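Shown next: my_file_28.cif, given as mmCIF, C-alpha atoms.
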data_run
#
loop_
_atom_site.label_atom_id
_atom_site.label_comp_id
_atom_site.auth_asym_id
_atom_site.auth_seq_id
_atom_site.Cartn_x
_atom_site.Cartn_y
_atom_site.Cartn_z
CA MET C 564 15.29 -32.43 -47.65
CA ALA C 565 14.69 -29.78 -45.00
CA PRO C 566 14.89 -30.91 -41.36
CA PRO C 567 11.52 -31.71 -39.64
CA ILE C 568 11.41 -28.48 -37.66
CA PHE C 569 12.09 -26.62 -40.94
CA ARG C 570 9.03 -28.29 -42.46
CA THR C 571 6.94 -27.55 -39.37
CA LEU C 572 7.75 -23.83 -39.43
CA ILE C 573 7.12 -23.59 -43.17
CA SER C 574 3.81 -25.41 -42.75
CA LEU C 575 2.76 -23.05 -39.96
CA SER C 576 3.63 -20.05 -42.13
CA LEU C 577 1.65 -21.41 -45.10
CA ASN C 578 -1.36 -22.20 -42.90
CA ARG C 579 -1.29 -18.71 -41.43
CA SER C 580 -1.09 -17.17 -44.92
CA THR C 581 -4.45 -18.72 -45.90
CA ARG C 582 -6.12 -16.66 -43.18
CA LEU C 583 -4.64 -13.35 -44.35
CA GLN C 584 -6.03 -11.06 -47.03
CA LYS C 585 -2.58 -10.82 -48.60
CA PRO C 586 -1.00 -14.32 -48.76
CA ILE C 587 2.65 -14.81 -47.93
CA SER C 588 4.50 -15.74 -51.07
CA CYS C 589 6.94 -18.60 -51.41
CA TYR C 590 9.56 -15.95 -52.04
CA HIS C 591 9.05 -14.50 -48.56
CA ILE C 592 9.21 -17.98 -47.04
CA SER C 593 12.47 -18.67 -48.82
CA ILE C 594 13.86 -15.37 -47.57
CA ALA C 595 12.82 -16.17 -44.03
CA PHE C 596 14.16 -19.68 -43.87
CA PHE C 597 16.72 -20.30 -46.55
CA SER C 598 18.50 -17.11 -47.59
CA SER C 599 20.64 -16.64 -44.47
CA SER C 600 23.57 -18.97 -44.19
CA THR C 601 23.76 -18.32 -40.43
CA THR C 602 20.12 -19.25 -39.75
CA ALA C 603 20.13 -22.76 -41.17
CA PRO C 604 22.43 -24.30 -38.53
CA SER C 605 20.13 -22.87 -35.81
CA ILE C 606 17.19 -24.81 -37.22
CA ASP C 607 19.32 -27.98 -37.40
CA PHE C 608 20.38 -27.51 -33.79
CA ALA C 609 16.82 -26.84 -32.65
CA ASP C 610 15.62 -30.08 -34.25
CA HIS C 611 18.52 -31.91 -32.61
CA PHE C 612 17.70 -30.51 -29.15
CA ILE C 613 14.07 -31.53 -29.52
CA LYS C 614 14.83 -35.07 -30.72
CA GLU C 615 17.86 -35.93 -28.62
CA HIS C 616 17.30 -33.94 -25.43
CA LYS C 617 13.50 -33.53 -25.25
CA PHE C 618 13.61 -29.72 -25.31
CA SER C 619 10.39 -27.87 -26.00
CA PRO C 620 10.32 -26.17 -29.44
CA GLU C 621 10.37 -22.74 -27.76
CA VAL C 622 13.51 -23.46 -25.74
CA ALA C 623 15.17 -25.34 -28.59
CA LEU C 624 14.76 -22.42 -30.99
CA LYS C 625 15.91 -19.84 -28.45
CA VAL C 626 19.04 -21.80 -27.56
CA ALA C 627 19.85 -22.74 -31.15
CA SER C 628 19.64 -19.11 -32.29
CA SER C 629 22.47 -18.29 -29.88
CA LEU C 630 24.65 -21.16 -31.09
CA ASN C 631 24.53 -20.58 -34.84
CA HIS C 632 28.31 -20.12 -34.88
CA LEU C 633 28.75 -23.81 -34.07
CA LYS C 634 28.92 -26.38 -36.86
CA LYS C 635 28.28 -29.52 -34.81
CA PRO C 636 26.31 -30.20 -31.60
CA ASP C 637 28.99 -32.48 -30.14
CA ASN C 638 30.11 -30.07 -27.40
CA CYS C 639 26.49 -29.29 -26.51
CA ASP C 640 25.73 -33.00 -26.24
CA GLU C 641 28.68 -33.56 -23.90
CA ILE C 642 27.56 -30.78 -21.56
CA LEU C 643 23.91 -31.87 -21.62
CA SER C 644 24.90 -35.49 -20.93
CA PHE C 645 27.03 -34.31 -18.02
CA LEU C 646 24.12 -32.33 -16.55
CA LYS C 647 21.78 -35.32 -16.90
CA LYS C 648 24.29 -37.60 -15.20
CA ASN C 649 24.43 -35.08 -12.35
CA ASP C 650 20.68 -35.35 -11.66
CA PHE C 651 19.48 -32.33 -13.65
CA SER C 652 15.94 -32.88 -14.91
CA VAL C 653 14.91 -31.77 -18.40
CA SER C 654 13.02 -28.81 -16.94
CA GLN C 655 16.07 -27.75 -14.90
CA ILE C 656 18.32 -28.02 -17.95
CA GLU C 657 15.84 -26.04 -20.04
CA LEU C 658 15.70 -23.29 -17.42
CA ALA C 659 19.49 -23.07 -17.28
CA VAL C 660 20.13 -22.99 -21.04
CA LYS C 661 17.17 -20.69 -21.71
CA ARG C 662 18.70 -18.15 -19.36
CA MET C 663 22.22 -18.74 -20.60
CA PRO C 664 22.30 -20.46 -24.03
CA THR C 665 26.06 -19.99 -24.29
CA LEU C 666 26.44 -22.44 -21.43
CA LEU C 667 26.33 -25.14 -24.12
CA SER C 668 29.27 -23.64 -25.99
CA GLY C 669 31.47 -23.51 -22.91
CA SER C 670 34.24 -25.85 -21.89
CA LEU C 671 33.10 -28.89 -19.95
CA ASP C 672 36.61 -29.79 -18.79
CA LYS C 673 37.93 -26.30 -18.01
CA THR C 674 34.86 -24.50 -16.69
CA ILE C 675 31.80 -26.60 -15.85
CA GLN C 676 33.31 -29.69 -14.23
CA PRO C 677 35.70 -27.68 -11.99
CA LYS C 678 32.76 -25.58 -10.72
CA PHE C 679 30.77 -28.71 -9.95
CA LYS C 680 33.76 -30.05 -8.05
CA ILE C 681 33.82 -26.93 -5.87
CA PHE C 682 30.20 -27.46 -4.87
CA LYS C 683 30.81 -31.14 -4.19
CA ASP C 684 33.89 -30.34 -2.12
CA PHE C 685 31.65 -28.16 0.07
CA GLY C 686 29.45 -31.19 0.62
CA PHE C 687 26.60 -30.42 -1.78
CA SER C 688 24.92 -33.36 -3.48
CA THR C 689 24.20 -33.42 -7.20
CA HIS C 690 20.51 -32.87 -6.37
CA ASP C 691 21.49 -29.75 -4.35
CA ILE C 692 23.50 -28.41 -7.29
CA ALA C 693 20.59 -29.11 -9.65
CA ASP C 694 18.32 -27.09 -7.37
CA ILE C 695 20.73 -24.14 -7.16
CA LEU C 696 22.26 -23.60 -10.60
CA PRO C 697 19.36 -23.43 -13.11
CA ALA C 698 18.18 -20.05 -11.78
CA ASN C 699 21.67 -18.56 -12.16
CA PRO C 700 23.81 -20.61 -14.56
CA TRP C 701 26.26 -17.70 -14.84
CA VAL C 702 27.68 -19.01 -11.57
CA LEU C 703 29.50 -21.60 -13.69
CA THR C 704 31.54 -18.82 -15.28
CA LYS C 705 32.35 -16.90 -12.08
CA SER C 706 34.90 -17.49 -9.33
CA ARG C 707 33.38 -15.24 -6.64
CA HIS C 708 30.94 -17.92 -5.48
CA ILE C 709 33.64 -19.72 -3.48
CA PRO C 710 33.84 -17.14 -0.63
CA SER C 711 30.04 -16.68 -0.88
CA ILE C 712 29.45 -20.37 -0.19
CA SER C 713 31.84 -20.27 2.77
CA ILE C 714 30.09 -17.23 4.24
CA LEU C 715 26.62 -18.69 3.84
CA LYS C 716 27.69 -22.00 5.39
CA ASP C 717 29.31 -20.23 8.33
CA VAL C 718 26.18 -18.16 9.01
CA LEU C 719 23.47 -20.71 8.22
CA GLY C 720 25.22 -23.74 9.62
CA SER C 721 24.09 -26.39 7.13
CA ASN C 722 24.05 -27.18 3.42
CA ALA C 723 20.28 -27.63 3.58
CA ALA C 724 19.83 -24.04 4.75
CA VAL C 725 22.27 -22.75 2.11
CA VAL C 726 20.31 -24.58 -0.61
CA LYS C 727 17.08 -22.94 0.61
CA VAL C 728 18.65 -19.51 0.28
CA LEU C 729 20.26 -20.16 -3.08
CA LYS C 730 17.15 -21.68 -4.66
CA SER C 731 15.35 -18.36 -4.24
CA ALA C 732 18.39 -16.08 -4.27
CA SER C 733 21.13 -17.68 -6.36
CA TRP C 734 22.44 -14.16 -7.02
CA CYS C 735 24.12 -14.52 -3.61
CA LEU C 736 26.79 -16.56 -5.37
CA THR C 737 27.74 -13.71 -7.67
CA THR C 738 27.43 -10.94 -5.08
CA ASN C 739 30.16 -9.76 -2.75
CA LEU C 740 28.55 -10.82 0.53
CA GLU C 741 31.54 -9.62 2.54
CA THR C 742 30.65 -5.98 1.85
CA THR C 743 26.85 -6.30 2.21
CA VAL C 744 25.39 -9.27 4.04
CA VAL C 745 28.19 -9.88 6.52
CA PRO C 746 28.36 -6.30 7.95
CA ASN C 747 24.57 -6.23 8.40
CA ILE C 748 24.55 -9.57 10.18
CA GLU C 749 27.42 -8.52 12.43
CA PHE C 750 25.57 -5.29 13.25
CA LEU C 751 22.37 -7.16 14.16
CA VAL C 752 24.32 -9.53 16.39
CA SER C 753 25.95 -6.54 18.11
CA CYS C 754 22.44 -5.18 18.72
CA GLY C 755 21.53 -8.35 20.62
CA VAL C 756 19.38 -9.88 17.89
CA GLY C 757 19.46 -13.67 18.13
CA LEU C 758 21.25 -15.60 15.39
CA PRO C 759 18.30 -18.03 14.88
CA GLN C 760 16.08 -15.07 13.94
CA ILE C 761 18.78 -13.71 11.60
CA VAL C 762 19.16 -17.10 9.92
CA ARG C 763 15.38 -17.44 9.49
CA TYR C 764 15.12 -14.10 7.75
CA LEU C 765 18.24 -14.64 5.68
CA ILE C 766 16.59 -17.79 4.31
CA THR C 767 13.19 -16.23 3.65
CA PHE C 768 14.07 -12.61 2.80
CA PRO C 769 17.74 -12.55 1.75
CA ARG C 770 17.46 -9.26 -0.17
CA LEU C 771 16.86 -7.42 3.10
CA PHE C 772 20.51 -8.03 4.01
CA LEU C 773 21.80 -6.40 0.81
CA ARG C 774 21.05 -2.93 2.14
CA LYS C 775 24.01 -0.65 2.73
CA LEU C 776 25.15 -0.76 6.36
CA ASP C 777 24.43 2.93 7.02
CA TYR C 778 20.87 2.56 5.76
CA PHE C 779 20.46 -0.68 7.71
CA LYS C 780 21.53 1.14 10.89
CA HIS C 781 19.01 3.89 10.10
CA LEU C 782 16.23 1.29 9.84
CA VAL C 783 17.20 -0.21 13.20
CA LYS C 784 17.17 3.25 14.77
CA ARG C 785 13.64 3.85 13.51
CA VAL C 786 12.50 0.49 14.88
CA ASP C 787 14.07 1.39 18.24
CA GLU C 788 12.11 4.66 18.23
CA MET C 789 8.89 2.64 17.93
CA GLY C 790 9.70 1.07 21.30
CA PHE C 791 10.72 -2.32 19.94
CA ASP C 792 12.65 -4.76 22.09
CA ARG C 793 15.69 -5.88 20.12
CA LYS C 794 15.36 -9.35 21.58
CA SER C 795 11.82 -9.68 20.24
CA ASN C 796 11.44 -12.40 17.63
CA ARG C 797 9.65 -9.81 15.46
CA PHE C 798 12.51 -7.32 15.46
CA ILE C 799 13.81 -8.15 11.98
CA SER C 800 10.24 -8.28 10.71
CA ALA C 801 9.92 -4.65 11.86
CA VAL C 802 13.17 -3.73 10.05
CA ARG C 803 11.95 -5.44 6.90
CA THR C 804 8.57 -3.67 7.05
CA LEU C 805 10.25 -0.25 7.23
CA SER C 806 12.65 -1.20 4.43
CA SER C 807 9.72 -2.04 2.14
CA MET C 808 8.49 1.57 1.89
CA SER C 809 9.75 5.11 1.72
CA GLU C 810 9.54 7.33 4.78
CA GLU C 811 6.90 9.36 2.98
CA THR C 812 4.75 6.25 2.50
CA TRP C 813 5.29 5.36 6.15
CA GLU C 814 3.97 8.76 7.22
CA HIS C 815 0.90 8.31 5.01
CA LYS C 816 0.30 4.95 6.69
CA LEU C 817 0.54 6.50 10.15
CA LYS C 818 -1.95 9.19 9.15
CA LEU C 819 -4.36 6.47 8.02
CA PHE C 820 -4.18 4.64 11.35
CA ARG C 821 -4.68 7.91 13.21
CA LYS C 822 -7.72 8.58 11.03
CA LEU C 823 -9.10 5.16 12.02
CA GLY C 824 -8.86 6.12 15.68
CA PHE C 825 -5.46 4.73 16.65
CA SER C 826 -3.61 6.79 19.25
CA GLU C 827 0.19 7.09 19.11
CA ASP C 828 0.43 4.41 21.79
CA ASP C 829 -2.01 2.20 19.84
CA ILE C 830 0.13 2.56 16.70
CA ARG C 831 3.31 1.60 18.56
CA ALA C 832 1.57 -1.34 20.23
CA ALA C 833 0.21 -2.61 16.91
CA PHE C 834 3.61 -2.23 15.25
CA ARG C 835 5.32 -4.14 18.05
CA ARG C 836 2.68 -6.85 17.91
CA LEU C 837 2.58 -7.35 14.13
CA PRO C 838 4.88 -5.10 12.06
CA GLN C 839 3.77 -6.49 8.69
CA VAL C 840 0.29 -5.00 9.19
CA PHE C 841 1.85 -1.65 8.33
CA ALA C 842 2.90 -3.01 4.94
CA VAL C 843 -0.73 -3.69 4.00
CA SER C 844 -2.04 -1.30 1.36
CA GLU C 845 -4.18 1.64 2.45
CA ARG C 846 -6.95 0.46 0.13
CA LYS C 847 -7.10 -2.98 1.71
CA ILE C 848 -7.08 -1.54 5.26
CA MET C 849 -10.04 0.70 4.41
CA GLU C 850 -11.98 -2.08 2.67
CA ILE C 851 -11.62 -4.49 5.59
CA THR C 852 -12.42 -1.97 8.30
CA GLU C 853 -15.47 -0.60 6.46
CA PHE C 854 -16.78 -4.09 5.67
CA LEU C 855 -16.47 -5.46 9.22
CA VAL C 856 -17.81 -2.32 10.86
CA SER C 857 -20.90 -2.44 8.65
CA LYS C 858 -21.42 -6.20 8.83
CA ARG C 859 -20.66 -6.97 12.47
CA ARG C 860 -21.28 -3.59 14.08
CA ILE C 861 -17.88 -3.42 15.70
CA ASP C 862 -15.91 -0.29 16.49
CA MET C 863 -12.31 0.59 15.78
CA SER C 864 -11.14 -0.69 19.15
CA PHE C 865 -11.46 -4.20 17.67
CA PHE C 866 -8.75 -3.43 15.09
CA ILE C 867 -6.56 -1.77 17.70
CA LYS C 868 -6.65 -4.99 19.75
CA ASN C 869 -6.57 -7.35 16.75
CA PRO C 870 -4.45 -5.80 13.98
CA GLU C 871 -3.78 -9.26 12.48
CA VAL C 872 -7.28 -9.19 10.99
CA LEU C 873 -6.02 -6.61 8.49
CA LEU C 874 -3.77 -9.28 6.97
CA CYS C 875 -6.75 -11.43 5.93
CA SER C 876 -8.09 -11.55 2.39
CA LEU C 877 -11.42 -9.80 2.21
CA GLU C 878 -12.73 -11.66 -0.83
CA GLN C 879 -11.24 -15.09 -0.18
CA LYS C 880 -11.64 -15.34 3.58
CA LEU C 881 -13.66 -12.68 5.41
CA LYS C 882 -16.67 -12.37 3.10
CA PRO C 883 -17.28 -16.08 2.47
CA ARG C 884 -16.73 -16.99 6.13
CA LEU C 885 -19.13 -14.32 7.35
CA MET C 886 -21.69 -15.59 4.86
CA VAL C 887 -21.42 -19.05 6.41
CA ILE C 888 -21.77 -17.66 9.94
CA GLU C 889 -24.78 -15.54 8.99
CA VAL C 890 -26.58 -18.61 7.64
CA LEU C 891 -25.81 -20.60 10.80
CA GLU C 892 -26.92 -17.71 13.01
CA SER C 893 -30.17 -17.30 11.09
CA LYS C 894 -30.97 -20.96 11.74
CA ASP C 895 -29.91 -20.82 15.41
CA LEU C 896 -27.30 -23.50 14.81
CA LEU C 897 -24.48 -21.89 16.78
CA ARG C 898 -24.35 -22.79 20.47
CA LYS C 899 -22.53 -19.60 21.40
CA GLU C 900 -21.70 -16.32 19.77
CA LEU C 901 -18.63 -16.53 17.54
CA ARG C 902 -15.77 -14.19 18.30
CA LEU C 903 -14.80 -12.30 15.18
CA ARG C 904 -11.10 -12.72 15.89
CA SER C 905 -11.50 -16.52 15.90
CA LEU C 906 -13.42 -16.34 12.64
CA CYS C 907 -10.52 -14.50 11.00
CA LEU C 908 -7.65 -16.50 12.42
CA LEU C 909 -8.89 -20.08 12.11
CA SER C 910 -7.08 -22.09 9.44
CA ALA C 911 -9.11 -23.28 6.46
CA LYS C 912 -9.09 -26.83 7.84
CA GLN C 913 -10.25 -25.71 11.29
CA PHE C 914 -13.04 -23.56 9.85
CA GLN C 915 -14.23 -26.40 7.62
CA GLU C 916 -14.30 -28.89 10.48
CA LYS C 917 -16.05 -26.57 12.93
CA TYR C 918 -18.49 -24.53 10.84
CA VAL C 919 -18.89 -26.18 7.43
CA ARG C 920 -18.93 -29.99 7.54
CA PRO C 921 -21.39 -30.32 10.45
CA TYR C 922 -23.85 -28.01 8.64
CA LEU C 923 -23.18 -28.92 5.02
CA LYS C 924 -26.86 -29.63 4.22
CA GLU C 925 -28.06 -26.29 5.61
CA LEU C 926 -25.32 -24.35 3.81
CA GLN C 927 -26.06 -26.07 0.49
CA GLU C 928 -29.74 -25.25 0.87
CA ALA C 929 -28.73 -21.61 1.33
CA SER C 930 -26.50 -21.84 -1.80
CA VAL C 931 -23.37 -20.95 0.15
CA VAL C 932 -20.09 -21.85 -1.55
CA THR C 933 -18.04 -23.82 0.96
CA VAL C 934 -14.87 -24.61 -1.00
CA GLY C 935 -11.59 -22.98 0.04
CA LEU C 936 -12.81 -21.35 3.24
#

Please lay out the structure from this file as C-alpha cells.
Amino acid sequence: MAPPIFRTLISLSLNRSTRLQKPISCYHISIAFFSSSTTAPSIDFADHFIKEHKFSPEVALKVASSLNHLKKPDNCDEILSFLKKNDFSVSQIELAVKRMPTLLSGSLDKTIQPKFKIFKDFGFSTHDIADILPANPWVLTKSRHIPSISILKDVLGSNAAVVKVLKSASWCLTTNLETTVVPNIEFLVSCGVGLPQIVRYLITFPRLFLRKLDYFKHLVKRVDEMGFDRKSNRFISAVRTLSSMSEETWEHKLKLFRKLGFSEDDIRAAFRRLPQVFAVSERKIMEITEFLVSKRRIDMSFFIKNPEVLLCSLEQKLKPRLMVIEVLESKDLLRKELRLRSLCLLSAKQFQEKYVRPYLKELQEASVVTVGL
C-alpha cells in the first residue's frame, strides 16, 4: 500500500481533475508518482518527517526531494534529535533544513557536533545557538566563523550583543570581517567616533560596515562637508543615510529641499539634526508638506525647524490625528491651541490618553476612527 502522503497527493490530483475540462488519466498519475525510482523514497521520507518530526507538508516535501539518494532516515533522525535536545524548536529546525536540506545528510559526529562545541566554548547557550543558526545553517559546514565570533565579541563586548547581530545578520559568520568590518570600525574610532555609537549601529545596521574602506572614508568626508561634528551621536546615522543612495539621488533630494524653501544653511542644519529625513522619498516629502500647508495653513519655515515631521506616516498618523483635533476644535473642547509639532511627535499611547479617551463620546458621534492613533 502507498504511504499516507502518497495517497493524499493522489487524492488531491484526482479531485483537481474533476474540475478540469480534460481529466487527468490514471496513466498520468502513475507517471507522476510511481514511474521514477528516485521519487518514491522522497515521498517516504516526507511522510516520515511529518509523522515523526512534525514538519509541515511543504517543508517535508522540499527536504525529502533533496535527500532521495538516501535509503533510510536514520542519519536524519539522529541530527534532528540532536537539534531538539539543543533547544531548537520545530519552526527553527524547519527554517534551517528548508534553507539547507543537505544538513540532514551531513555527519553529526564530524561536522555538526564540533561546530556546536565551538559556539559553546565561546560561552553561547543552546538557546543562543538556536537563535543564530536557522537563518544560516551553512555555518555548520564552514570554519571561517571562528575568527568572526572572536571579532564580534571583542567589538560588541557580550554574547547577548553578538546574538542580536547574528540573528539578523548571520552572514557575518561566513564573511571575512577582518577585511571589511574591522578596518571600518578602526577608521571610525580614529575619527573620534565613540565606540558605544559604533556598537549600536553594528547591531542594528551591520551591512553598513561591509562597505569597502575607501568608500567608507568617502562617505565620512561627505558628512564632514555637511558640517557634522564627529562626536555627535548622529554621526553614523549621517554616514548610513548617504550610503543608502547614489550621489545623483542625493543631489535630487537637495534640489527638492531648495524648492521647498530651504537655504543651504537650512539644509545643513536639518541634516545635522536628523539625517534620516534625507532618506525619505521625494513623493512622501511632497505629500506631507502639501497636506499640512493646506490643512493647517503653515509655511515652509515649520518644516525647516521641525524636519522630523517628514518621518511621520501621512495616512496612519497625520491624517487621522488631524481629524481628531478638528473635531475637538469644532466643539471648543481644547483648552489651548495644539502645537503641530506635538501632534506629530506624541506616541500613540500619549495621543490616546490626551486627545482620544477624554473625548471618546464626541469622537464616536462624529464617526472618527480612534484605533491605532

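Note that the spacing between CA of Lys673 in chain C and CA of His611 in chain C amounts to 24.9 Å.
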
Show which residues sit within 9 Å of Leu908 in chain C, as a ChimeraX atom specification. Count all atoms listed in the file, and ignore same-chain residues fewer than 5 positions away. /C:871-872,875,903

Return as a PyMOL selection string the set of residues that the PyMOL selection byres ((chain C and resi 774-789) around 9) yields on the displayed structure. chain C and resi 742-744+746-747+750-751+770-773+790-793+798-799+801-803+805-806+830-832+834-835

Find the axis-aligned box for range 705-719 of chain C, covering all its listed atoms and adding 6 Å on each side, and write its centre and edge lengths in Å to one decimal as JSON.
{"center_x": 29.2, "center_y": -18.6, "center_z": -1.5, "size_x": 23.4, "size_y": 18.8, "size_z": 33.1}

Distance query range 815-821 of chain C at most 8 Å, only C-alpha atoms, self and fewer than 3 positions along chain excluded, as a PDB file with C-alpha atoms, in the frame of the given file:
ATOM      1  CA  GLU C 811       6.900   9.360   2.980  1.00  0.00           C
ATOM      2  CA  THR C 812       4.750   6.250   2.500  1.00  0.00           C
ATOM      3  CA  GLY C 824      -8.860   6.120  15.680  1.00  0.00           C
ATOM      4  CA  PHE C 825      -5.460   4.730  16.650  1.00  0.00           C
ATOM      5  CA  SER C 826      -3.610   6.790  19.250  1.00  0.00           C
ATOM      6  CA  GLU C 827       0.190   7.090  19.110  1.00  0.00           C
ATOM      7  CA  ILE C 830       0.130   2.560  16.700  1.00  0.00           C
ATOM      8  CA  PHE C 841       1.850  -1.650   8.330  1.00  0.00           C
ATOM      9  CA  GLU C 845      -4.180   1.640   2.450  1.00  0.00           C
TER      10      GLU C 845
END

Using all atoms listed in the file: which of C:Ile695, C:Leu891, C:Leu873, C:Val762 has the shortest distance to Arg904 in chain C: C:Leu873

Length of the CA of Val702 in chain C to CA of Val752 in chain C vector [Å]: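 Straight-line distance from CA of Val702 in chain C to CA of Val752 in chain C works out to 29.7 Å.
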
Residues within 10 Å of (31.2, -24.7, -5.0), file coordinates, counting only C-alpha atoms: what are they? Give the list as a PDB file with C-alpha atoms, keeping the file's coordinate frame.
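Written output follows (out.pdb):
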ATOM      1  CA  PRO C 677      35.700 -27.680 -11.990  1.00  0.00           C
ATOM      2  CA  LYS C 678      32.760 -25.580 -10.720  1.00  0.00           C
ATOM      3  CA  PHE C 679      30.770 -28.710  -9.950  1.00  0.00           C
ATOM      4  CA  LYS C 680      33.760 -30.050  -8.050  1.00  0.00           C
ATOM      5  CA  ILE C 681      33.820 -26.930  -5.870  1.00  0.00           C
ATOM      6  CA  PHE C 682      30.200 -27.460  -4.870  1.00  0.00           C
ATOM      7  CA  LYS C 683      30.810 -31.140  -4.190  1.00  0.00           C
ATOM      8  CA  ASP C 684      33.890 -30.340  -2.120  1.00  0.00           C
ATOM      9  CA  PHE C 685      31.650 -28.160   0.070  1.00  0.00           C
ATOM     10  CA  GLY C 686      29.450 -31.190   0.620  1.00  0.00           C
ATOM     11  CA  PHE C 687      26.600 -30.420  -1.780  1.00  0.00           C
ATOM     12  CA  ILE C 692      23.500 -28.410  -7.290  1.00  0.00           C
ATOM     13  CA  VAL C 702      27.680 -19.010 -11.570  1.00  0.00           C
ATOM     14  CA  LEU C 703      29.500 -21.600 -13.690  1.00  0.00           C
ATOM     15  CA  SER C 706      34.900 -17.490  -9.330  1.00  0.00           C
ATOM     16  CA  ARG C 707      33.380 -15.240  -6.640  1.00  0.00           C
ATOM     17  CA  HIS C 708      30.940 -17.920  -5.480  1.00  0.00           C
ATOM     18  CA  ILE C 709      33.640 -19.720  -3.480  1.00  0.00           C
ATOM     19  CA  PRO C 710      33.840 -17.140  -0.630  1.00  0.00           C
ATOM     20  CA  SER C 711      30.040 -16.680  -0.880  1.00  0.00           C
ATOM     21  CA  ILE C 712      29.450 -20.370  -0.190  1.00  0.00           C
ATOM     22  CA  SER C 713      31.840 -20.270   2.770  1.00  0.00           C
ATOM     23  CA  LEU C 736      26.790 -16.560  -5.370  1.00  0.00           C
TER      24      LEU C 736
END

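You will find CA of Ser670 in chain C at 13.4 Å from CA of Lys705 in chain C.
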
Taking into account only C-alpha atoms, which residue in the set C:Lys894, C:Phe608, C:Pro664, C:Lys730 is nearest to Ser629 in chain C?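 Nearest candidate to Ser629 in chain C out of C:Lys894, C:Phe608, C:Pro664, C:Lys730: C:Pro664.
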
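Using only C-alpha atoms, the nearest neighbour of Phe866 in chain C within the list C:Asn796, C:Asp694, C:Lys635, C:Thr852 is C:Thr852.
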
Quick one: apply the PyMOL selection byres ((chain C and resi 765) around 10) to the file and drop the selected residues here as a VMD selection string. chain C and resid 715 718 to 719 724 to 725 727 to 728 744 748 759 to 764 766 to 772

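For the set C:Ser753, C:Asn869, C:Thr704, C:Ser733, the residue with the smallest atom-to-atom gap to Gln676 in chain C is C:Thr704, counting only C-alpha atoms.
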
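For the file shown, the residue list from the PyMOL selection byres ((chain C and resi 650) around 8) reads Leu646, Lys647, Lys648, Asn649, Phe651, Ser652, Thr689, His690 and Ala693 of chain C.
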
Next, dump the selected residues to file, keeping only C-alpha atoms, as a PDB file, in the coordinates of the input.
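This is the output file again.pdb:
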ATOM      1  CA  LEU C 646      24.120 -32.330 -16.550  1.00  0.00           C
ATOM      2  CA  LYS C 647      21.780 -35.320 -16.900  1.00  0.00           C
ATOM      3  CA  LYS C 648      24.290 -37.600 -15.200  1.00  0.00           C
ATOM      4  CA  ASN C 649      24.430 -35.080 -12.350  1.00  0.00           C
ATOM      5  CA  PHE C 651      19.480 -32.330 -13.650  1.00  0.00           C
ATOM      6  CA  SER C 652      15.940 -32.880 -14.910  1.00  0.00           C
ATOM      7  CA  THR C 689      24.200 -33.420  -7.200  1.00  0.00           C
ATOM      8  CA  HIS C 690      20.510 -32.870  -6.370  1.00  0.00           C
ATOM      9  CA  ALA C 693      20.590 -29.110  -9.650  1.00  0.00           C
TER      10      ALA C 693
END

From the list C:Lys634, C:Leu696, C:Lys822, C:Gly755, the nearest residue to Val726 in chain C using only C-alpha atoms is C:Leu696

Using only C-alpha atoms, which of C:Leu758, C:Gln915, C:Leu896, C:Asp637 sits nearest Gly720 in chain C? C:Leu758

Contacts of Ser905 in chain C at 12 Å or less, counting all atoms listed in the file, minus same-chain residues fewer than 2 places along, as a list of chain:residue names?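 Here the qualifying residues turn out to be C:Asn869, C:Glu871, C:Val872, C:Leu881, C:Arg884, C:Leu885, C:Ile888, C:Glu900, C:Leu901, C:Arg902, C:Leu903, C:Cys907, C:Leu908, C:Leu909, C:Ser910, C:Ala911, C:Gln913, C:Phe914, C:Lys917, C:Tyr918.
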
Shell around range 616-624 of chain C at 8 Å using only C-alpha atoms, local window under 2 positions removed, as a VMD selection string: chain C and resid 605 to 606 608 to 614 626 to 628 643 653 657 661
